[in-house]
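Here's the structure we're looking at; comments come further down.
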Amino acid sequence: MNNKGGIMPNRGFIFDLMDEISNAPIIHQRLIKKVEEKFNTNLICYTALFGHPAGAITYQDSELLENILRSIELKDKNDNLDLLLHTPGGSPEAAADVIRVCRSYSKRFRVIIPNAAMSAGTLIAMGSDEIVMSDTSNLGPIDPQMIFVQSKDIAIMRPAKSFIDAYIDLINSARNAIAAKQPATPFLHLLDRQDPSWIIECVRARNATVNLAKEQLKANMLKDKSEEEIAEAVNKFLEVGDKNTHGRSISPDEAKAFGLNIKKEDKYGEFWNMIWEIYVRIENYTRNKRLAKYLLSRNGGIDVQAMPMGI
């Protein structure tokens, strides 16, 4: 619901108390408005529920965010845009669309990470001018997550490199067994069940993600850096996942050492206290409502119950 003044007025003690107790969206909108007025910025929020089957970043998100952005007047705050982002990741191409939409509506674009922006969420952060974090915020490796349909009713999401490595391991195991004159049938049987075209898709997705990260950093955050420096930064975000797991967290200090433009906020400072309250409230709202995602501005929000995942 839009309001010409930018925020809904208090509705009286009883209704305000009921809103506060129920953690109603109007409370979230009022808190966003306070941040905007205090720090001269436009703030929108994108929160996804980790573990929800429809919580991944998809192509529909950019359209939803554009609808949110069209509901507010960004020029009131010098076209400054902050995106509070909490996501497990998803499609790299969809992340690029999110970046494009956010940048087309702003002159200065920052991503605020109160908790975690993993995988394609990290790519979105790479497309900003500055990433705002605290000691407990996390980015993640950028190896793309691939959605693999095991059966009609079962789809799994795994890092592209996991599929590639498993395929290569089976080939090497078969070769080693043959060289040692041992039965290679178990490995050949498993290889026969693999789809080589899927492995090719995983390789292409990984390469596309690397190119996307380089393009975004070159166009925005690291536009003054050389191509070699940008490539090194991207490779570090790949290597963390390759050497550990896709869920490995990357701290703000580590991300800064990798070469990104990180603004580290005091977790007890005024700005972060306000951001943290908004995050806790909207994450709680998302979880209690069992939403896939919750998108929000000072003028209203969008509850996403479920969305089709791109296969």
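Scheme for the structure tokens: letters A, B, ... for chains in order shown; per-chain residue numbers from 1; ligand numbers from 1 in order shown.
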
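Near region 81-84 of chain A, within 8 Å and counting only C-alpha atoms, sit A:Thr41, A:Asn42, A:Leu43, A:Ile44, A:Cys45, A:Tyr46, A:Thr47, A:Leu74, A:Cys102, A:Ser106, A:Lys107, A:Arg108, A:Phe109, A:Arg110, A:Val111, A:Ile112, A:Ile113, A:Pro114; same-chain residues fewer than 4 positions away were not included.
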
Could those residues be written to a file, using N, CA and C atoms, as a compact mmCIF listing (two decimals), in the first residue's frame?
```txt
# COMPACT_ATOMS: atom_id res chain seq x y z
N THR A 41 19.20 8.00 2.45
CA THR A 41 19.27 6.93 1.46
C THR A 41 17.89 6.33 1.26
N ASN A 42 17.71 5.64 0.15
CA ASN A 42 16.53 4.83 -0.07
C ASN A 42 16.89 3.38 0.26
N LEU A 43 16.08 2.75 1.08
CA LEU A 43 16.38 1.39 1.53
C LEU A 43 15.28 0.45 1.09
N ILE A 44 15.67 -0.62 0.39
CA ILE A 44 14.75 -1.71 0.09
C ILE A 44 15.34 -3.00 0.64
N CYS A 45 14.49 -3.96 0.91
CA CYS A 45 14.92 -5.19 1.56
C CYS A 45 14.51 -6.41 0.74
N TYR A 46 15.43 -7.36 0.64
CA TYR A 46 15.16 -8.64 -0.02
C TYR A 46 15.64 -9.73 0.93
N THR A 47 14.68 -10.46 1.49
CA THR A 47 15.00 -11.53 2.44
C THR A 47 14.42 -12.84 1.93
N LEU A 74 13.00 7.88 -5.53
CA LEU A 74 14.40 7.81 -5.12
C LEU A 74 15.08 9.17 -5.14
N CYS A 102 18.55 -2.59 -10.12
CA CYS A 102 18.91 -1.70 -9.00
C CYS A 102 19.76 -0.53 -9.48
N SER A 106 19.24 3.99 -9.70
CA SER A 106 20.05 4.69 -8.69
C SER A 106 21.33 5.24 -9.30
N LYS A 107 21.91 6.20 -8.58
CA LYS A 107 23.22 6.73 -8.95
C LYS A 107 24.31 6.13 -8.07
N ARG A 108 23.94 5.86 -6.81
CA ARG A 108 24.86 5.16 -5.90
C ARG A 108 24.14 3.95 -5.34
N PHE A 109 24.74 2.78 -5.54
CA PHE A 109 24.09 1.52 -5.16
C PHE A 109 24.98 0.74 -4.19
N ARG A 110 24.45 0.50 -3.00
CA ARG A 110 25.16 -0.29 -2.00
C ARG A 110 24.35 -1.54 -1.64
N VAL A 111 25.05 -2.59 -1.25
CA VAL A 111 24.40 -3.79 -0.73
C VAL A 111 24.77 -3.94 0.73
N ILE A 112 23.74 -4.08 1.57
CA ILE A 112 23.93 -4.26 3.01
C ILE A 112 23.65 -5.71 3.36
N ILE A 113 24.60 -6.35 4.02
CA ILE A 113 24.46 -7.77 4.36
C ILE A 113 24.44 -7.92 5.88
N PRO A 114 23.25 -7.99 6.48
CA PRO A 114 23.19 -8.14 7.93
C PRO A 114 23.62 -9.52 8.41
```

Backbone DSSP call of helix (DSSP H, G or I) for region 187-238 of chain A, listed as a PyMOL selection string:
chain A and resi 187-192+196-219+227-238

Expected file: the selected residues, N, CA and C atoms, as a tab-separated table (two decimals), in the first residue's frame:
```tsv
chain	number	residue	atom	x	y	z
A	187	PHE	N	32.70	-48.55	-11.92
A	187	PHE	CA	32.89	-47.15	-12.32
A	187	PHE	C	32.29	-46.87	-13.70
A	188	LEU	N	32.45	-47.83	-14.61
A	188	LEU	CA	31.88	-47.66	-15.95
A	188	LEU	C	30.36	-47.65	-15.90
A	189	HIS	N	29.81	-48.48	-15.00
A	189	HIS	CA	28.35	-48.50	-14.84
A	189	HIS	C	27.84	-47.14	-14.37
A	190	LEU	N	28.54	-46.54	-13.40
A	190	LEU	CA	28.13	-45.22	-12.90
A	190	LEU	C	28.31	-44.15	-13.97
A	191	LEU	N	29.41	-44.26	-14.74
A	191	LEU	CA	29.64	-43.29	-15.82
A	191	LEU	C	28.55	-43.39	-16.88
A	192	ASP	N	28.10	-44.62	-17.14
A	192	ASP	CA	27.06	-44.83	-18.14
A	192	ASP	C	25.75	-44.16	-17.74
A	196	PRO	N	26.64	-36.58	-20.09
A	196	PRO	CA	27.76	-35.68	-20.39
A	196	PRO	C	27.31	-34.26	-20.70
A	197	SER	N	26.13	-34.10	-21.30
A	197	SER	CA	25.66	-32.76	-21.62
A	197	SER	C	25.41	-31.95	-20.35
A	198	TRP	N	25.01	-32.64	-19.27
A	198	TRP	CA	24.80	-31.94	-18.00
A	198	TRP	C	26.12	-31.43	-17.44
A	199	ILE	N	27.16	-32.24	-17.56
A	199	ILE	CA	28.49	-31.82	-17.10
A	199	ILE	C	28.97	-30.61	-17.90
A	200	ILE	N	28.68	-30.63	-19.21
A	200	ILE	CA	29.04	-29.48	-20.05
A	200	ILE	C	28.29	-28.23	-19.59
A	201	GLU	N	27.01	-28.40	-19.24
A	201	GLU	CA	26.24	-27.27	-18.72
A	201	GLU	C	26.85	-26.73	-17.43
A	202	CYS	N	27.33	-27.62	-16.57
A	202	CYS	CA	27.97	-27.20	-15.32
A	202	CYS	C	29.23	-26.40	-15.59
A	203	VAL	N	30.03	-26.86	-16.55
A	203	VAL	CA	31.26	-26.15	-16.92
A	203	VAL	C	30.91	-24.78	-17.49
A	204	ARG	N	29.90	-24.73	-18.35
A	204	ARG	CA	29.50	-23.45	-18.94
A	204	ARG	C	28.97	-22.48	-17.87
A	205	ALA	N	28.19	-23.02	-16.93
A	205	ALA	CA	27.64	-22.17	-15.88
A	205	ALA	C	28.76	-21.59	-15.02
A	206	ARG	N	29.75	-22.41	-14.74
A	206	ARG	CA	30.88	-21.95	-13.93
A	206	ARG	C	31.65	-20.86	-14.67
A	207	ASN	N	31.91	-21.09	-15.95
A	207	ASN	CA	32.63	-20.08	-16.74
A	207	ASN	C	31.83	-18.79	-16.87
A	208	ALA	N	30.50	-18.93	-17.05
A	208	ALA	CA	29.65	-17.75	-17.17
A	208	ALA	C	29.64	-16.94	-15.88
A	209	THR	N	29.66	-17.65	-14.74
A	209	THR	CA	29.68	-16.96	-13.45
A	209	THR	C	30.97	-16.17	-13.27
A	210	VAL	N	32.07	-16.78	-13.64
A	210	VAL	CA	33.37	-16.10	-13.55
A	210	VAL	C	33.35	-14.84	-14.41
A	211	ASN	N	32.87	-14.98	-15.65
A	211	ASN	CA	32.83	-13.82	-16.56
A	211	ASN	C	31.90	-12.73	-16.02
A	212	LEU	N	30.76	-13.15	-15.46
A	212	LEU	CA	29.81	-12.19	-14.90
A	212	LEU	C	30.43	-11.43	-13.74
A	213	ALA	N	31.10	-12.14	-12.85
A	213	ALA	CA	31.74	-11.48	-11.70
A	213	ALA	C	32.78	-10.47	-12.17
A	214	LYS	N	33.56	-10.85	-13.15
A	214	LYS	CA	34.58	-9.94	-13.68
A	214	LYS	C	33.94	-8.70	-14.31
A	215	GLU	N	32.88	-8.93	-15.07
A	215	GLU	CA	32.21	-7.80	-15.74
A	215	GLU	C	31.62	-6.82	-14.73
A	216	GLN	N	30.97	-7.35	-13.68
A	216	GLN	CA	30.35	-6.49	-12.69
A	216	GLN	C	31.40	-5.70	-11.90
A	217	LEU	N	32.47	-6.35	-11.51
A	217	LEU	CA	33.53	-5.67	-10.76
A	217	LEU	C	34.22	-4.62	-11.62
A	218	LYS	N	34.43	-4.95	-12.89
A	218	LYS	CA	35.09	-4.00	-13.79
A	218	LYS	C	34.22	-2.78	-14.04
A	219	ALA	N	32.91	-2.98	-14.14
A	219	ALA	CA	31.99	-1.88	-14.44
A	219	ALA	C	31.68	-1.03	-13.22
A	227	GLU	N	42.68	-5.60	-15.08
A	227	GLU	CA	42.00	-6.87	-15.34
A	227	GLU	C	42.64	-8.00	-14.54
A	228	GLU	N	43.95	-7.93	-14.34
A	228	GLU	CA	44.65	-8.97	-13.57
A	228	GLU	C	44.22	-8.93	-12.10
A	229	GLU	N	44.07	-7.74	-11.55
A	229	GLU	CA	43.63	-7.62	-10.15
A	229	GLU	C	42.19	-8.10	-9.97
A	230	ILE	N	41.36	-7.80	-10.94
A	230	ILE	CA	39.96	-8.24	-10.88
A	230	ILE	C	39.88	-9.76	-10.99
A	231	ALA	N	40.65	-10.33	-11.92
A	231	ALA	CA	40.66	-11.78	-12.10
A	231	ALA	C	41.13	-12.47	-10.83
A	232	GLU	N	42.11	-11.89	-10.17
A	232	GLU	CA	42.64	-12.48	-8.93
A	232	GLU	C	41.57	-12.47	-7.83
A	233	ALA	N	40.83	-11.37	-7.74
A	233	ALA	CA	39.77	-11.28	-6.73
A	233	ALA	C	38.69	-12.33	-6.99
A	234	VAL	N	38.28	-12.48	-8.25
A	234	VAL	CA	37.25	-13.47	-8.59
A	234	VAL	C	37.74	-14.88	-8.31
A	235	ASN	N	38.97	-15.17	-8.67
A	235	ASN	CA	39.51	-16.51	-8.44
A	235	ASN	C	39.54	-16.87	-6.96
A	236	LYS	N	39.78	-15.89	-6.12
A	236	LYS	CA	39.79	-16.16	-4.69
A	236	LYS	C	38.42	-16.56	-4.19
A	237	PHE	N	37.38	-15.97	-4.75
A	237	PHE	CA	36.02	-16.35	-4.36
A	237	PHE	C	35.62	-17.71	-4.90
A	238	LEU	N	36.29	-18.17	-5.96
A	238	LEU	CA	36.09	-19.53	-6.45
A	238	LEU	C	36.87	-20.53	-5.62
```

Go through A:Pro141, A:Asp135, A:Val35, A:Ala166 one by one, measure the shortest atom-to-atom distance of each to Arg248 (chain A) using only C-alpha atoms, and give the residue with the smallest value.
A:Pro141
